file target_29.tsv (TSV, C-alpha atoms)
chain	number	residue	atom	x	y	z
A	1412	MET	CA	60.48	-27.06	-83.62
A	1413	SER	CA	59.27	-28.16	-87.01
A	1414	PHE	CA	55.96	-29.79	-87.77
A	1415	MET	CA	57.53	-33.23	-88.02
A	1416	ASP	CA	59.42	-32.75	-84.76
A	1417	ALA	CA	56.16	-31.88	-82.99
A	1418	ARG	CA	54.48	-34.98	-84.39
A	1419	GLU	CA	57.36	-37.10	-83.19
A	1420	HIS	CA	57.11	-35.68	-79.64
A	1421	GLY	CA	53.41	-36.53	-79.34
A	1422	SER	CA	51.71	-33.20	-80.01
A	1423	LYS	CA	48.51	-33.03	-82.00
A	1424	VAL	CA	48.16	-31.47	-85.44
A	1425	GLY	CA	47.36	-27.76	-85.06
A	1426	SER	CA	48.56	-27.51	-81.46
A	1427	GLY	CA	51.44	-25.42	-80.22
A	1428	GLY	CA	53.63	-28.34	-79.31
A	1429	VAL	CA	54.28	-30.17	-76.04
A	1430	ALA	CA	54.66	-27.91	-73.02
A	1431	SER	CA	58.00	-28.00	-71.26
A	1432	SER	CA	58.39	-28.85	-67.56
A	1433	GLN	CA	58.87	-25.16	-66.81
A	1434	ASN	CA	55.61	-24.24	-68.50
A	1435	GLU	CA	53.80	-27.02	-66.62
A	1436	ALA	CA	55.13	-25.70	-63.31
A	1437	ILE	CA	53.98	-22.18	-64.17
A	1438	ASP	CA	50.53	-23.45	-65.11
A	1439	ARG	CA	50.30	-25.50	-61.90
A	1440	ARG	CA	51.20	-22.49	-59.75
A	1441	GLU	CA	48.61	-20.40	-61.53
A	1442	ARG	CA	45.90	-22.96	-60.87
A	1443	LEU	CA	46.89	-23.15	-57.20
A	1444	ARG	CA	46.85	-19.36	-56.96
A	1445	ARG	CA	43.33	-19.12	-58.38
A	1446	LEU	CA	42.09	-21.87	-56.08
A	1447	ALA	CA	43.69	-20.25	-53.04
A	1448	LEU	CA	42.17	-16.85	-53.87
A	1449	GLU	CA	38.72	-18.45	-53.84
A	1450	THR	CA	39.10	-20.47	-50.63
A	1451	ILE	CA	41.65	-18.73	-48.35
A	1452	ASP	CA	41.02	-15.51	-46.41
A	1453	LEU	CA	44.34	-13.65	-46.12
A	1454	ALA	CA	42.99	-11.53	-43.27
A	1455	LYS	CA	43.10	-14.62	-41.06
A	1456	ASP	CA	46.59	-15.69	-42.10
A	1457	PRO	CA	49.03	-14.84	-39.25
A	1458	TYR	CA	52.08	-15.04	-41.56
A	1459	PHE	CA	50.79	-12.68	-44.27
A	1460	MET	CA	52.17	-9.10	-44.08
A	1461	ARG	CA	52.26	-6.14	-46.46
A	1462	ASN	CA	55.34	-3.99	-46.11
A	1463	HIS	CA	55.88	-0.27	-46.77
A	1464	LEU	CA	57.06	-0.95	-50.32
A	1465	GLY	CA	53.72	-2.40	-51.38
A	1466	SER	CA	54.96	-5.97	-51.66
A	1467	TYR	CA	53.99	-8.91	-49.49
A	1468	GLU	CA	56.04	-10.96	-47.06
A	1469	CYS	CA	55.74	-14.36	-45.46
A	1470	ARG	CA	56.73	-14.03	-41.81
A	1471	LEU	CA	57.26	-17.75	-41.49
A	1472	CYS	CA	59.57	-18.29	-44.46
A	1473	LEU	CA	60.89	-14.68	-44.69
A	1474	THR	CA	60.14	-14.44	-48.41
A	1475	LEU	CA	58.99	-11.47	-50.55
A	1476	HIS	CA	56.09	-11.62	-53.02
A	1477	ASN	CA	54.88	-9.14	-55.63
A	1478	ASN	CA	51.14	-9.82	-55.22
A	1479	GLU	CA	48.64	-11.79	-53.19
A	1480	GLY	CA	48.37	-14.50	-55.78
A	1481	ASN	CA	52.09	-15.12	-55.65
A	1482	TYR	CA	51.97	-15.33	-51.86
A	1483	LEU	CA	49.08	-17.80	-51.97
A	1484	ALA	CA	50.96	-19.95	-54.44
A	1485	HIS	CA	53.87	-19.89	-51.99
A	1486	THR	CA	51.67	-21.10	-49.13
A	1487	GLN	CA	50.80	-24.19	-51.18
A	1488	GLY	CA	54.45	-24.98	-51.83
A	1489	LYS	CA	56.72	-27.50	-50.16
A	1490	ARG	CA	58.85	-24.97	-48.28
A	1491	HIS	CA	55.96	-23.25	-46.56
A	1492	GLN	CA	54.31	-26.54	-45.61
A	1493	GLN	CA	57.54	-27.89	-44.11
A	1494	ASN	CA	58.02	-24.73	-42.04
A	1495	LEU	CA	54.45	-25.01	-40.78
A	1496	ALA	CA	55.09	-28.60	-39.65
A	1497	LYS	CA	58.36	-27.63	-37.91
A	1498	ARG	CA	56.73	-24.72	-36.09
A	1499	ALA	CA	53.82	-26.90	-34.92
A	1500	ALA	CA	56.25	-29.53	-33.61
A	1501	ARG	CA	58.32	-26.90	-31.78
A	1502	GLU	CA	55.26	-25.33	-30.16
A	1503	ALA	CA	54.02	-28.75	-29.07
A	1504	ALA	CA	57.39	-29.53	-27.47
A	1505	GLU	CA	57.58	-26.18	-25.66
A	1506	ALA	CA	53.99	-26.21	-24.46
A	1507	PRO	CA	53.66	-27.11	-20.76
A	1508	ALA	CA	52.21	-30.51	-20.09
A	1509	GLN	CA	48.56	-30.28	-19.17
A	1510	PRO	CA	47.60	-32.19	-16.02
A	1511	GLN	CA	45.53	-35.20	-16.82
A	1512	PRO	CA	42.18	-35.46	-15.05
A	1513	ASN	CA	42.20	-37.97	-12.27
A	1514	LYS	CA	40.12	-40.95	-13.30
A	1515	ARG	CA	38.79	-42.78	-10.35
A	1516	LYS	CA	39.37	-46.47	-10.75
A	1517	VAL	CA	36.67	-48.61	-9.29
A	1518	GLN	CA	38.31	-51.60	-7.72
A	1519	PRO	CA	36.32	-54.80	-7.41
A	1520	ARG	CA	35.12	-55.28	-3.89
A	1521	LYS	CA	36.86	-58.06	-2.03
A	1522	THR	CA	34.85	-59.43	0.84
A	1523	VAL	CA	35.62	-62.51	2.89
A	1524	LYS	CA	32.59	-64.75	2.48
A	1525	ILE	CA	31.23	-66.37	5.64
A	1526	GLY	CA	29.19	-69.08	3.94
A	1527	ARG	CA	25.67	-69.60	2.69
A	1528	PRO	CA	22.62	-68.17	4.43
A	1529	GLY	CA	19.81	-70.27	5.83
A	1530	TYR	CA	16.62	-70.44	3.79
A	1531	CYS	CA	13.15	-71.90	3.61
A	1532	VAL	CA	11.22	-72.50	0.40
A	1533	THR	CA	7.46	-73.14	0.47
A	1534	LYS	CA	5.51	-74.38	-2.52
A	1535	GLN	CA	1.97	-73.08	-2.76
A	1536	PHE	CA	-1.02	-73.42	-5.05
A	1537	ALA	CA	-3.94	-71.01	-5.53
A	1538	SER	CA	-6.98	-73.07	-6.49
A	1539	GLU	CA	-8.99	-69.96	-7.43
A	1540	THR	CA	-6.60	-69.01	-10.23
A	1541	ALA	CA	-4.91	-72.40	-10.74
A	1542	GLN	CA	-1.52	-70.77	-10.17
A	1543	ARG	CA	1.53	-72.18	-8.53
A	1544	SER	CA	3.68	-69.98	-6.33
A	1545	LEU	CA	6.95	-70.16	-4.42
A	1546	LEU	CA	7.70	-68.42	-1.13
A	1547	PHE	CA	11.39	-67.83	-0.33
A	1548	GLN	CA	12.56	-66.83	3.14
A	1549	ILE	CA	16.31	-66.15	3.34
A	1550	GLU	CA	18.01	-65.46	6.67
A	1551	TYR	CA	20.91	-63.01	6.80
A	1552	PRO	CA	21.76	-62.54	10.51
A	1553	GLU	CA	25.29	-61.22	9.80
A	1554	ILE	CA	24.44	-58.91	6.89
A	1555	GLU	CA	26.48	-55.72	6.62
A	1556	GLU	CA	24.99	-52.65	8.23
A	1557	GLY	CA	23.14	-50.32	5.90
A	1558	THR	CA	22.68	-52.90	3.16
A	1559	SER	CA	19.78	-55.03	2.04
A	1560	PRO	CA	19.61	-58.29	0.06
A	1561	ARG	CA	19.10	-58.33	-3.69
A	1562	HIS	CA	17.63	-60.83	-6.10
A	1563	ARG	CA	17.50	-61.35	-9.84
A	1564	PHE	CA	16.38	-63.91	-12.40
A	1565	MET	CA	18.93	-65.64	-14.62
A	1566	SER	CA	18.24	-67.66	-17.73
A	1567	SER	CA	19.68	-71.13	-18.09
A	1568	ILE	CA	21.98	-70.00	-20.90
A	1569	GLU	CA	23.61	-67.34	-18.68
A	1570	GLN	CA	24.83	-69.72	-16.00
A	1571	LYS	CA	27.88	-71.95	-16.48
A	1572	VAL	CA	27.31	-74.50	-13.72
A	1573	GLU	CA	24.80	-76.84	-15.33
A	1574	PRO	CA	24.08	-77.74	-18.97
A	1575	TRP	CA	21.63	-75.44	-20.67
A	1576	ASP	CA	18.00	-76.50	-20.31
A	1577	LYS	CA	15.27	-74.25	-21.66
A	1578	ARG	CA	12.74	-75.72	-19.22
A	1579	TYR	CA	14.34	-74.01	-16.23
A	1580	GLN	CA	15.58	-70.65	-15.04
A	1581	PHE	CA	17.43	-69.55	-11.90
A	1582	LEU	CA	16.56	-67.16	-9.08
A	1583	LEU	CA	19.61	-65.64	-7.34
A	1584	PHE	CA	19.88	-64.04	-3.89
A	1585	ALA	CA	22.88	-61.98	-2.79
A	1586	ALA	CA	23.90	-60.08	0.34
A	1587	GLU	CA	27.33	-59.27	1.77
A	1588	PRO	CA	29.22	-61.04	3.28
A	1589	TYR	CA	27.29	-64.20	2.33
A	1590	GLU	CA	27.78	-66.29	-0.77
A	1591	VAL	CA	25.30	-65.96	-3.61
A	1592	ILE	CA	22.70	-68.72	-3.60
A	1593	SER	CA	20.44	-69.71	-6.48
A	1594	PHE	CA	17.31	-71.79	-6.94
A	1595	LYS	CA	16.35	-73.72	-10.05
A	1596	ILE	CA	12.73	-72.93	-10.92
A	1597	PRO	CA	10.49	-73.63	-13.93
A	1598	ASN	CA	11.07	-71.36	-16.90
A	1599	GLN	CA	7.55	-69.93	-16.89
A	1600	GLU	CA	6.35	-66.37	-17.04
A	1601	ILE	CA	6.15	-64.65	-13.66
A	1602	ASP	CA	2.87	-62.96	-12.77
A	1603	LYS	CA	3.66	-59.47	-11.44
A	1604	THR	CA	0.11	-58.10	-11.36
A	1605	GLY	CA	-1.38	-56.88	-8.11
A	1606	GLN	CA	0.14	-58.40	-4.98
A	1607	LYS	CA	1.31	-61.59	-6.67
A	1608	PHE	CA	4.92	-60.46	-6.77
A	1609	PHE	CA	6.02	-59.55	-3.26
A	1610	ASN	CA	9.40	-58.96	-1.64
A	1611	HIS	CA	10.21	-57.55	1.78
A	1612	TRP	CA	13.28	-57.13	3.96
A	1613	GLU	CA	12.84	-57.24	7.72
A	1614	PRO	CA	15.88	-55.49	9.24
A	1615	ASP	CA	14.98	-56.53	12.77
A	1616	LYS	CA	14.63	-60.26	12.08
A	1617	LYS	CA	17.22	-60.18	9.25
A	1618	VAL	CA	14.89	-62.15	6.97
A	1619	TYR	CA	14.36	-61.44	3.28
A	1620	THR	CA	11.03	-62.65	1.87
A	1621	LEU	CA	10.14	-63.08	-1.79
A	1622	GLN	CA	6.98	-64.61	-3.21
A	1623	ILE	CA	6.42	-65.25	-6.90
A	1624	PHE	CA	3.42	-66.57	-8.82
A	1625	PHE	CA	3.66	-68.37	-12.14
A	1626	LYS	CA	1.07	-67.45	-14.71
A	1627	ALA	CA	-1.57	-70.13	-15.27
A	1628	PRO	CA	-1.10	-72.15	-18.48
A	1629	ARG	CA	-3.23	-71.00	-21.39
A	1630	ALA	CA	-6.13	-73.10	-22.63
A	1631	GLY	CA	-4.97	-75.77	-25.05
A	1632	ALA	CA	-1.38	-75.68	-23.81
A	1633	GLY	CA	-1.76	-79.19	-22.40
A	1634	ALA	CA	-4.17	-81.48	-20.68
A	1635	ALA	CA	-4.96	-80.18	-17.22
A	1636	GLY	CA	-4.75	-82.38	-14.17
A	1637	PRO	CA	-7.35	-82.67	-11.39
A	1638	LYS	CA	-9.03	-79.39	-10.49
A	1639	GLY	CA	-7.22	-77.50	-13.24
A	1640	LEU	CA	-3.72	-78.37	-12.02
A	1641	PRO	CA	-0.88	-78.24	-14.56
A	1642	PRO	CA	0.03	-81.55	-16.19
A	1643	GLY	CA	2.11	-83.84	-14.02
A	1644	MET	CA	1.59	-81.86	-10.82
A	1645	PRO	CA	-0.07	-83.69	-7.91
A	1646	PRO	CA	-2.88	-81.97	-6.06
A	1647	PRO	CA	-1.99	-80.21	-2.80
A	1648	PRO	CA	-2.39	-82.22	0.43
A	1649	ALA	CA	-5.71	-81.91	2.19
A	1650	PRO	CA	-5.83	-79.98	5.46
A	1651	PRO	CA	-5.96	-82.06	8.67
A	1652	GLY	CA	-9.44	-83.49	9.31
A	1653	MET	CA	-10.52	-83.17	5.69
A	1654	PRO	CA	-10.94	-86.18	3.39
A	1655	ALA	CA	-8.50	-86.44	0.52
A	1656	PRO	CA	-9.96	-85.62	-2.94
call {"tool": "encode", "arguments": {"input": "target_29.tsv", "output": "structure tokens"}}
result
Amino acid sequence: MSFMDAREHGSKVGSGGVASSQNEAIDRRERLRRLALETIDLAKDPYFMRNHLGSYECRLCLTLHNNEGNYLAHTQGKRHQQNLAKRAAREAAEAPAQPQPNKRKVQPRKTVKIGRPGYCVTKQFASETAQRSLLFQIEYPEIEEGTSPRHRFMSSIEQKVEPWDKRYQFLLFAAEPYEVISFKIPNQEIDKTGQKFFNHWEPDKKVYTLQIFFKAPRAGAGAAGPKGLPPGMPPPPAPPGMPAP
């Protein structure tokens, strides 16, 4: 190739001309061989074997190679990679199916409800601490043996029965086979210090008792009513024989 021919084919001045496709393939294999020698351990390759003639063989592709570098270049080629994929697919098809672990499915419990339980709610007021309290007594005469009632508080945004109202929350009671009942109570912080939060299940009488106290409003939260009562709440009735305040 003359100087002008090299210029016309895109080679630079002073270079040896544009490499042919064969030279590019040789250079690519050489780069792959050097990279493989640095990263691959032939001792762990199950298809690498050295025969009695001093050359190397690929047990997978049944090919002969003059040196390790040539074998490593072969492992990066298309033929070797296709044979690896075919062997992996064949081994997966011949492998016995492994038994899947039995996953226990928890089915939702279906219980025939027998109606709502009887209940009694008592409103109370502690004049010493200016706290209101509620006493719930729920009767479960037909409760399942070995179980006890449960309760939990639900915010107004959780329930889907009434429109959301941030002033209220709900107190739920549940026991099988009765329906769940709920009570709409003020959305105030519950006082759980000392004995002010009390719940008890009497298995003999089948009565579940829960008493809650609301924390007293902080100073400046609103004008207090008579005797420190919360705003808008009437004073408790006077005991029999005592004059009304």
call {"tool": "atom_distance", "arguments": {"input": "target_29.tsv", "atom1": "atom CA of A:Lys1524", "atom2": "atom CA of A:Tyr1551"}}
result
12.6 Å
call {"tool": "closest_residue", "arguments": {"input": "target_29.tsv", "among": "A:Asn1494, A:Thr1540, A:Ser1466, A:Ser1432", "to": "A:Ala1627", "atoms": "only C-alpha atoms"}}
result
A:Thr1540
call {"tool": "closest_residue", "arguments": {"input": "target_29.tsv", "among": "A:Met1460, A:Leu1443, A:Leu1453, A:Val1618", "to": "A:His1485", "atoms": "all atoms listed in the file"}}
result
A:Leu1443
call {"tool": "atom_distance", "arguments": {"input": "target_29.tsv", "atom1": "atom CA of A:Ala1484", "atom2": "atom CA of A:Arg1439"}}
result
9.3 Å
call {"tool": "closest_residue", "arguments": {"input": "target_29.tsv", "among": "A:Ile1525, A:Leu1471, A:Ala1537, A:Val1517", "to": "A:Pro1552", "atoms": "all atoms listed in the file"}}
result
A:Ile1525
call {"tool": "closest_residue", "arguments": {"input": "target_29.tsv", "among": "A:Thr1450, A:Gln1493, A:Ser1431, A:Ser1593", "to": "A:Arg1561", "atoms": "all atoms listed in the file"}}
result
A:Ser1593
call {"tool": "atom_distance", "arguments": {"input": "target_29.tsv", "atom1": "atom CA of A:Phe1624", "atom2": "atom CA of A:Gly1605"}}
result
10.8 Å
call {"tool": "residues_around", "arguments": {"input": "target_29.tsv", "residues": "A:Phe1625", "least_positions_apart": "3", "cutoff": "7 Å", "atoms": "all atoms listed in the file", "output": "number ranges by chain"}}
result
A: 1542-1544, 1599-1602
call {"tool": "closest_residue", "arguments": {"input": "target_29.tsv", "among": "A:Phe1459, A:Phe1609, A:Tyr1530, A:Phe1584", "to": "A:His1562", "atoms": "only C-alpha atoms"}}
result
A:Phe1584
call {"tool": "closest_residue", "arguments": {"input": "target_29.tsv", "among": "A:Tyr1579, A:Tyr1467, A:Phe1547, A:Tyr1482", "to": "A:Leu1621", "atoms": "only C-alpha atoms"}}
result
A:Phe1547
call {"tool": "build_atoms", "arguments": {"input": "target_29.tsv", "residues": "stretch 1576-1587 of chain A", "atoms": "all heavy atoms", "output": "PDB file, in the frame of the given file"}}
result
ATOM      1  N   ASP A1576      19.294 -75.825 -20.233  1.00  0.00           N
ATOM      2  CA  ASP A1576      18.000 -76.500 -20.310  1.00  0.00           C
ATOM      3  C   ASP A1576      16.930 -75.423 -20.357  1.00  0.00           C
ATOM      4  O   ASP A1576      16.747 -74.673 -19.394  1.00  0.00           O
ATOM      5  CB  ASP A1576      17.783 -77.419 -19.112  1.00  0.00           C
ATOM      6  CG  ASP A1576      16.593 -78.360 -19.311  1.00  0.00           C
ATOM      7  OD1 ASP A1576      15.747 -78.066 -20.179  1.00  0.00           O
ATOM      8  OD2 ASP A1576      16.506 -79.383 -18.598  1.00  0.00           O
ATOM      9  N   LYS A1577      16.241 -75.320 -21.478  1.00  0.00           N
ATOM     10  CA  LYS A1577      15.270 -74.250 -21.660  1.00  0.00           C
ATOM     11  C   LYS A1577      14.055 -74.400 -20.751  1.00  0.00           C
ATOM     12  O   LYS A1577      13.257 -73.462 -20.649  1.00  0.00           O
ATOM     13  CB  LYS A1577      14.812 -74.191 -23.114  1.00  0.00           C
ATOM     14  CG  LYS A1577      14.053 -75.433 -23.573  1.00  0.00           C
ATOM     15  CD  LYS A1577      13.612 -75.303 -25.019  1.00  0.00           C
ATOM     16  CE  LYS A1577      12.847 -76.534 -25.501  1.00  0.00           C
ATOM     17  NZ  LYS A1577      12.422 -76.403 -26.907  1.00  0.00           N
ATOM     18  N   ARG A1578      13.893 -75.526 -20.093  1.00  0.00           N
ATOM     19  CA  ARG A1578      12.740 -75.720 -19.220  1.00  0.00           C
ATOM     20  C   ARG A1578      12.883 -75.027 -17.881  1.00  0.00           C
ATOM     21  O   ARG A1578      11.903 -74.909 -17.138  1.00  0.00           O
ATOM     22  CB  ARG A1578      12.502 -77.224 -18.989  1.00  0.00           C
ATOM     23  CG  ARG A1578      12.179 -78.023 -20.249  1.00  0.00           C
ATOM     24  CD  ARG A1578      12.081 -79.502 -19.901  1.00  0.00           C
ATOM     25  NE  ARG A1578      13.347 -80.003 -19.360  1.00  0.00           N
ATOM     26  CZ  ARG A1578      13.504 -81.224 -18.847  1.00  0.00           C
ATOM     27  NH1 ARG A1578      12.466 -82.059 -18.803  1.00  0.00           N
ATOM     28  NH2 ARG A1578      14.690 -81.601 -18.391  1.00  0.00           N
ATOM     29  N   TYR A1579      14.095 -74.569 -17.550  1.00  0.00           N
ATOM     30  CA  TYR A1579      14.340 -74.010 -16.230  1.00  0.00           C
ATOM     31  C   TYR A1579      15.018 -72.641 -16.325  1.00  0.00           C
ATOM     32  O   TYR A1579      15.660 -72.305 -17.315  1.00  0.00           O
ATOM     33  CB  TYR A1579      15.219 -74.957 -15.396  1.00  0.00           C
ATOM     34  CG  TYR A1579      14.607 -76.316 -15.185  1.00  0.00           C
ATOM     35  CD1 TYR A1579      14.996 -77.399 -15.968  1.00  0.00           C
ATOM     36  CD2 TYR A1579      13.628 -76.523 -14.221  1.00  0.00           C
ATOM     37  CE1 TYR A1579      14.432 -78.656 -15.788  1.00  0.00           C
ATOM     38  CE2 TYR A1579      13.054 -77.769 -14.033  1.00  0.00           C
ATOM     39  CZ  TYR A1579      13.455 -78.828 -14.814  1.00  0.00           C
ATOM     40  OH  TYR A1579      12.893 -80.059 -14.651  1.00  0.00           O
ATOM     41  N   GLN A1580      14.861 -71.890 -15.243  1.00  0.00           N
ATOM     42  CA  GLN A1580      15.580 -70.650 -15.040  1.00  0.00           C
ATOM     43  C   GLN A1580      16.075 -70.634 -13.599  1.00  0.00           C
ATOM     44  O   GLN A1580      15.768 -71.539 -12.817  1.00  0.00           O
ATOM     45  CB  GLN A1580      14.684 -69.436 -15.319  1.00  0.00           C
ATOM     46  CG  GLN A1580      13.442 -69.367 -14.442  1.00  0.00           C
ATOM     47  CD  GLN A1580      12.574 -68.171 -14.794  1.00  0.00           C
ATOM     48  OE1 GLN A1580      13.071 -67.118 -15.182  1.00  0.00           O
ATOM     49  NE2 GLN A1580      11.256 -68.331 -14.641  1.00  0.00           N
ATOM     50  N   PHE A1581      16.822 -69.597 -13.233  1.00  0.00           N
ATOM     51  CA  PHE A1581      17.430 -69.550 -11.900  1.00  0.00           C
ATOM     52  C   PHE A1581      17.072 -68.237 -11.220  1.00  0.00           C
ATOM     53  O   PHE A1581      17.020 -67.183 -11.863  1.00  0.00           O
ATOM     54  CB  PHE A1581      18.942 -69.718 -11.993  1.00  0.00           C
ATOM     55  CG  PHE A1581      19.377 -71.072 -12.478  1.00  0.00           C
ATOM     56  CD1 PHE A1581      19.442 -71.350 -13.838  1.00  0.00           C
ATOM     57  CD2 PHE A1581      19.699 -72.070 -11.584  1.00  0.00           C
ATOM     58  CE1 PHE A1581      19.833 -72.598 -14.294  1.00  0.00           C
ATOM     59  CE2 PHE A1581      20.085 -73.327 -12.040  1.00  0.00           C
ATOM     60  CZ  PHE A1581      20.152 -73.589 -13.378  1.00  0.00           C
ATOM     61  N   LEU A1582      16.847 -68.324  -9.909  1.00  0.00           N
ATOM     62  CA  LEU A1582      16.560 -67.160  -9.080  1.00  0.00           C
ATOM     63  C   LEU A1582      17.707 -67.018  -8.087  1.00  0.00           C
ATOM     64  O   LEU A1582      17.968 -67.926  -7.288  1.00  0.00           O
ATOM     65  CB  LEU A1582      15.230 -67.328  -8.358  1.00  0.00           C
ATOM     66  CG  LEU A1582      14.826 -66.208  -7.400  1.00  0.00           C
ATOM     67  CD1 LEU A1582      14.755 -64.865  -8.115  1.00  0.00           C
ATOM     68  CD2 LEU A1582      13.485 -66.527  -6.733  1.00  0.00           C
ATOM     69  N   LEU A1583      18.413 -65.869  -8.149  1.00  0.00           N
ATOM     70  CA  LEU A1583      19.610 -65.640  -7.340  1.00  0.00           C
ATOM     71  C   LEU A1583      19.320 -64.671  -6.213  1.00  0.00           C
ATOM     72  O   LEU A1583      18.570 -63.700  -6.386  1.00  0.00           O
ATOM     73  CB  LEU A1583      20.749 -65.100  -8.192  1.00  0.00           C
ATOM     74  CG  LEU A1583      21.554 -66.089  -9.050  1.00  0.00           C
ATOM     75  CD1 LEU A1583      20.680 -66.742 -10.124  1.00  0.00           C
ATOM     76  CD2 LEU A1583      22.747 -65.405  -9.683  1.00  0.00           C
ATOM     77  N   PHE A1584      19.946 -64.927  -5.046  1.00  0.00           N
ATOM     78  CA  PHE A1584      19.880 -64.040  -3.890  1.00  0.00           C
ATOM     79  C   PHE A1584      21.302 -63.709  -3.468  1.00  0.00           C
ATOM     80  O   PHE A1584      22.173 -64.586  -3.422  1.00  0.00           O
ATOM     81  CB  PHE A1584      19.130 -64.688  -2.723  1.00  0.00           C
ATOM     82  CG  PHE A1584      17.679 -64.932  -2.991  1.00  0.00           C
ATOM     83  CD1 PHE A1584      17.260 -66.126  -3.565  1.00  0.00           C
ATOM     84  CD2 PHE A1584      16.727 -63.975  -2.689  1.00  0.00           C
ATOM     85  CE1 PHE A1584      15.923 -66.360  -3.815  1.00  0.00           C
ATOM     86  CE2 PHE A1584      15.386 -64.201  -2.939  1.00  0.00           C
ATOM     87  CZ  PHE A1584      14.978 -65.394  -3.500  1.00  0.00           C
ATOM     88  N   ALA A1585      21.540 -62.428  -3.159  1.00  0.00           N
ATOM     89  CA  ALA A1585      22.880 -61.980  -2.790  1.00  0.00           C
ATOM     90  C   ALA A1585      22.799 -60.961  -1.673  1.00  0.00           C
ATOM     91  O   ALA A1585      21.897 -60.115  -1.647  1.00  0.00           O
ATOM     92  CB  ALA A1585      23.605 -61.380  -3.993  1.00  0.00           C
ATOM     93  N   ALA A1586      23.748 -61.050  -0.752  1.00  0.00           N
ATOM     94  CA  ALA A1586      23.900 -60.080   0.340  1.00  0.00           C
ATOM     95  C   ALA A1586      25.284 -60.285   0.928  1.00  0.00           C
ATOM     96  O   ALA A1586      25.725 -61.420   1.132  1.00  0.00           O
ATOM     97  CB  ALA A1586      22.824 -60.268   1.397  1.00  0.00           C
ATOM     98  N   GLU A1587      25.991 -59.186   1.163  1.00  0.00           N
ATOM     99  CA  GLU A1587      27.330 -59.270   1.770  1.00  0.00           C
ATOM    100  C   GLU A1587      27.201 -59.486   3.271  1.00  0.00           C
ATOM    101  O   GLU A1587      26.327 -58.906   3.905  1.00  0.00           O
ATOM    102  CB  GLU A1587      28.104 -57.979   1.487  1.00  0.00           C
ATOM    103  CG  GLU A1587      28.371 -57.725   0.017  1.00  0.00           C
ATOM    104  CD  GLU A1587      29.316 -58.733  -0.598  1.00  0.00           C
ATOM    105  OE1 GLU A1587      29.986 -59.461   0.174  1.00  0.00           O
ATOM    106  OE2 GLU A1587      29.384 -58.814  -1.823  1.00  0.00           O
TER     107      GLU A1587
END
